[in-house]
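Visitor: entry_14.txt is reproduced below (compact mmCIF, C-alpha atoms).
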# COMPACT_ATOMS: atom_id res chain seq x y z
CA MET A 13 131.41 100.08 45.42
CA ARG A 14 132.50 100.39 48.99
CA ALA A 15 131.18 103.98 49.22
CA VAL A 16 127.51 102.89 48.99
CA PRO A 17 127.45 100.66 52.12
CA ILE A 18 129.33 103.27 54.19
CA THR A 19 126.96 106.03 53.02
CA VAL A 20 123.92 103.90 53.88
CA THR A 21 125.38 103.09 57.31
CA ALA A 22 126.13 106.76 58.01
CA LEU A 23 122.64 107.80 56.90
CA ALA A 24 121.03 105.11 59.10
CA ALA A 25 123.10 106.23 62.10
CA ALA A 26 122.12 109.87 61.54
CA LEU A 27 118.42 108.94 61.33
CA LEU A 28 118.69 106.83 64.48
CA LEU A 29 120.29 109.69 66.43
CA THR A 30 117.62 112.11 65.21
CA ALA A 31 114.79 109.73 66.19
CA CYS A 32 116.24 109.20 69.68
CA GLY A 33 116.82 112.89 70.25
CA GLY A 34 120.60 112.39 70.28
CA GLY A 35 122.65 115.19 68.80
CA ASP A 36 119.84 117.70 69.50
CA ASP A 37 120.86 119.98 72.36
CA SER A 38 117.60 121.93 72.33
CA GLY A 39 116.04 119.52 74.84
CA SER A 40 113.19 118.52 72.55
CA GLY A 41 111.85 115.15 73.55
CA SER A 42 112.44 115.77 77.25
CA ASP A 43 108.87 117.04 77.74
CA GLU A 44 107.55 113.88 76.14
CA LYS A 45 109.66 111.72 78.45
CA SER A 46 108.52 113.54 81.59
CA LYS A 47 104.87 113.39 80.53
CA ALA A 48 105.15 109.66 79.89
CA SER A 49 106.70 109.07 83.32
CA GLY A 50 104.01 111.11 85.05
CA SER A 51 106.35 113.77 86.40
CA ALA A 52 105.16 116.73 84.34
CA GLY A 53 102.73 119.08 86.09
CA SER A 54 99.95 117.34 87.96
CA THR A 55 99.72 114.41 85.54
CA GLY A 56 100.55 111.32 87.51
CA SER A 57 100.98 113.20 90.80
CA ALA A 58 99.47 111.83 93.98
CA CYS A 59 95.84 112.77 94.57
CA ALA A 60 95.29 115.40 97.26
CA ALA A 61 92.34 115.03 99.63
CA ALA A 62 91.37 118.66 98.99
CA ASP A 63 90.74 117.81 95.32
CA LEU A 64 88.58 114.77 96.06
CA GLY A 65 84.87 114.89 96.78
CA ARG A 66 83.93 112.08 99.17
CA GLU A 67 80.83 109.95 99.67
CA VAL A 68 80.57 107.29 102.39
CA GLY A 69 77.95 104.60 102.52
CA PRO A 70 77.43 100.99 103.36
CA VAL A 71 77.25 98.53 100.52
CA ASN A 72 75.78 96.23 103.12
CA ALA A 73 75.92 97.21 106.78
CA ALA A 74 76.19 94.36 109.29
CA PRO A 75 72.79 94.22 111.04
CA ALA A 76 73.77 92.17 114.12
CA ALA A 77 76.80 91.08 116.16
CA GLY A 78 78.85 88.50 114.24
CA ASP A 79 77.61 89.65 110.83
CA THR A 80 80.00 91.00 108.20
CA GLY A 81 79.44 94.36 106.58
CA ASN A 82 81.09 96.59 103.99
CA VAL A 83 81.39 100.37 104.00
CA THR A 84 82.63 102.00 100.82
CA VAL A 85 84.33 105.38 100.57
CA THR A 86 83.99 106.78 97.04
CA PHE A 87 86.02 109.71 95.74
CA THR A 88 85.27 111.99 92.79
CA ASN A 89 88.30 113.86 91.45
CA LYS A 90 87.50 117.59 91.38
CA GLY A 91 91.03 118.52 90.29
CA ALA A 92 93.49 117.56 87.58
CA GLU A 93 94.39 113.96 86.75
CA CYS A 94 96.14 112.32 89.68
CA THR A 95 97.15 108.90 90.99
CA LEU A 96 96.05 106.82 93.96
CA THR A 97 98.55 104.09 94.78
CA GLY A 98 98.08 101.10 97.03
CA PHE A 99 95.98 101.23 100.18
CA PRO A 100 94.67 104.04 102.35
CA ALA A 101 95.75 104.05 106.02
CA VAL A 102 92.59 103.54 108.11
CA ASP A 103 92.12 103.90 111.88
CA LEU A 104 88.94 103.31 113.86
CA GLN A 105 88.49 105.90 116.61
CA ALA A 106 86.51 105.37 119.80
CA ASP A 107 86.47 107.35 123.03
CA GLY A 108 90.21 107.60 123.74
CA THR A 109 90.99 104.46 121.72
CA SER A 110 92.35 103.97 118.23
CA ALA A 111 92.69 100.73 116.26
CA THR A 112 94.42 100.36 112.91
CA VAL A 113 92.59 98.45 110.17
CA ALA A 114 94.74 95.86 108.38
CA LYS A 115 95.14 95.78 104.62
CA ASP A 116 93.17 93.08 102.85
CA GLU A 117 95.85 90.47 102.11
CA ALA A 118 93.88 89.19 99.11
CA ALA A 119 93.84 92.63 97.46
CA GLU A 120 96.65 93.77 95.18
CA ALA A 121 98.14 97.21 95.58
CA GLN A 122 98.01 99.09 92.30
CA ALA A 123 98.52 102.56 90.88
CA LEU A 124 95.16 103.94 89.80
CA THR A 125 95.09 107.01 87.54
CA LEU A 126 92.08 109.13 88.33
CA PRO A 127 91.12 111.55 85.55
CA ALA A 128 89.28 114.81 86.26
CA GLN A 129 85.73 113.87 87.37
CA GLY A 130 86.79 110.22 87.60
CA THR A 131 85.77 108.11 90.59
CA ALA A 132 87.57 105.57 92.75
CA SER A 133 86.79 103.86 96.02
CA PHE A 134 88.08 101.73 98.85
CA THR A 135 86.06 99.39 101.05
CA ILE A 136 86.25 98.66 104.75
CA THR A 137 85.01 95.13 105.50
CA TYR A 138 84.22 94.56 109.18
CA VAL A 139 82.59 92.14 111.58
CA ARG A 140 80.02 93.79 113.79
CA GLY A 141 80.74 93.49 117.49
CA GLU A 142 78.37 93.23 120.41
CA ASP A 143 77.28 96.73 121.41
CA GLY A 144 79.22 97.70 124.54
CA GLY A 145 80.96 94.31 124.67
CA ASP A 146 84.52 93.90 125.93
CA LYS A 147 85.44 92.18 122.63
CA SER A 148 84.41 95.10 120.46
CA ILE A 149 85.30 98.72 119.85
CA ALA A 150 82.56 101.35 119.92
CA VAL A 151 83.70 103.20 116.79
CA LYS A 152 82.67 106.86 116.53
CA THR A 153 84.94 108.09 113.76
CA VAL A 154 87.08 106.64 110.99
CA LYS A 155 90.31 108.43 110.09
CA TYR A 156 92.01 107.67 106.80
CA GLY A 157 95.08 108.92 105.01
CA LEU A 158 95.77 108.86 101.30
CA PRO A 159 99.09 107.36 100.22
CA GLY A 160 101.86 109.94 100.33
CA ALA A 161 99.76 112.43 102.36
CA SER A 162 100.70 113.51 105.87
CA ALA A 163 97.21 114.77 106.73
CA THR A 164 94.24 112.57 107.54
CA GLU A 165 90.56 112.93 106.77
CA SER A 166 87.71 111.54 108.83
CA PHE A 167 84.04 110.61 108.74
CA ALA A 168 81.46 109.58 111.31
CA TRP A 169 80.88 105.84 111.76
CA SER A 170 77.25 104.86 112.24
CA TYR A 171 77.44 101.13 111.52
CA GLY A 172 77.69 99.78 115.08
CA ASP A 173 80.54 98.46 117.18
CA VAL A 174 83.33 96.54 115.42
CA ALA A 175 84.44 93.16 116.78
CA LEU A 176 88.02 92.71 117.98
CA LYS A 177 90.17 89.75 116.92
CA SER A 178 92.37 90.35 119.94
CA ALA A 179 93.15 93.27 122.24
CA GLY A 180 93.21 96.43 120.09
CA VAL A 181 93.04 94.53 116.77
CA PRO A 182 89.75 95.08 114.93
CA ASP A 183 88.15 92.33 112.89
CA ALA A 184 88.25 94.53 109.81
CA THR A 185 90.24 95.00 106.59
CA VAL A 186 90.63 97.75 104.02
CA SER A 187 90.83 97.18 100.26
CA SER A 188 93.15 98.83 97.80
CA PHE A 189 91.78 101.66 95.65
CA GLN A 190 89.46 100.47 92.89
CA GLN A 191 88.08 102.23 89.81
CA SER A 192 84.41 103.15 90.32
CA GLY A 193 81.62 104.20 88.01
CA ASP A 194 81.59 103.93 84.24
Output the structure of this file as structure tokens.
Guide:
Amino acid sequence: MRAVPITVTALAAALLLTACGGGDDSGSGSDEKSKASGSAGSTGSACAAADLGREVGPVNAAPAAGDTGNVTVTFTNKGAECTLTGFPAVDLQADGTSATVAKDEAAEAQALTLPAQGTASFTITYVRGEDGGDKSIAVKTVKYGLPGASATESFAWSYGDVALKSAGVPDATVSSFQQSGD
């Protein structure tokens, strides 16, 4: 009678080891683990700027000094599935001057998986400054960097001067990456 419970226990242990991949030295199951963690191939890897098509446009440009506007940068993934995490680094460039845009404190940083042909965006919200005023920056170019990338990309700014909160600090924020499109 004692042989039945021991046999059942041994069989259950053998099945458990087989299901967990234990006792199998062939390495099967390791590909599944790396795919699930995002470390296999390009799945889950950081998006590279070279693989992203970019479109820049105002959602609503600020028409006059003191008004708030939004400029959205939308990416289309032209490569394999990749991940955008957190916030882009954004700097406003004027003649010989650079000002870093703060992260929107109300936005949550998140990891966003971008499938092939998928779209994502970030938004720069700004207060328009007085053209040529000493409390504004005459922005010509915006430079941004994707998380984990050492290189920066840029685009021309045509939405007017940006107000300054204080010396060198623009009255602007940048959102985290958000899923776009369908």
Visitor: Would you tabulate, counting only C-alpha atoms, all residues of stretch 80-141 of chain A that have an atom at most 8 Å from an atom of stretch 177-186 of chain A, showing the closest pair of atoms and their distance in Å to one decimal, sorted by chain then ascending number, as CSV?
Guide:
residue,atom,partner,partner_atom,distance
A:Phe99,CA,A:Val186,CA,7.4
A:Pro100,CA,A:Val186,CA,7.7
A:Val102,CA,A:Val186,CA,7.4
A:Ser110,CA,A:Gly180,CA,7.8
A:Ala111,CA,A:Gly180,CA,5.8
A:Thr112,CA,A:Val181,CA,7.1
A:Val113,CA,A:Thr185,CA,5.5
A:Ala114,CA,A:Thr185,CA,4.9
A:Lys115,CA,A:Val186,CA,5.0
A:Asp116,CA,A:Thr185,CA,5.1
A:Phe134,CA,A:Val186,CA,7.0
A:Thr135,CA,A:Val186,CA,5.7
A:Ile136,CA,A:Val186,CA,4.5
A:Thr137,CA,A:Thr185,CA,5.3
A:Tyr138,CA,A:Ala184,CA,4.1
A:Val139,CA,A:Asp183,CA,5.7
Visitor: Just how far from atom CA of A:Ala175 is atom CA of A:Lys147, in Å to one decimal?
Guide: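 Between atom CA of A:Lys147 and atom CA of A:Ala175 the gap is 6.0 Å.
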Visitor: How many Å separate atom CA of A:Phe189 from atom CA of A:Thr109?
Guide: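 These two atoms are separated by 26.2 Å.
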Visitor: Atom CA of A:Val174 and atom CA of A:Ala77 are how many Å apart?
Guide: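 About the pair atom CA of A:Val174 and atom CA of A:Ala77: they are 8.5 Å apart.
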Visitor: Smallest atom-to-atom distance to A:Val85: which of A:Ala118, A:Val154, A:Ile149, A:Val68, using all atoms listed in the file?
Guide: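 Between A:Ala118, A:Val154, A:Ile149, A:Val68, the residue approaching A:Val85 most closely is A:Val68.
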Visitor: Within 10 Å of (83.9, 106.8, 116.5) (coordinates as in the file), grab all the protein and nucleic acid residues, counting all atoms listed in the file, and write them out as JSON, numbers by chain.
Guide: {"A": [103, 104, 105, 106, 107, 108, 109, 110, 149, 150, 151, 152, 153, 154, 155, 166, 167, 168, 169, 170, 171, 172, 173]}
Visitor: A:Glu117, A:Asn89, A:Ala101, A:Gln190: which is nearest A:Glu165, counting all atoms listed in the file?
Guide: A:Ala101
Visitor: So, counting all atoms listed in the file, which residue among A:Ser148, A:Thr86, A:Thr125, A:Ser57 is closest to A:Gly69?
Guide: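 Nearest candidate to A:Gly69 out of A:Ser148, A:Thr86, A:Thr125, A:Ser57: A:Thr86.
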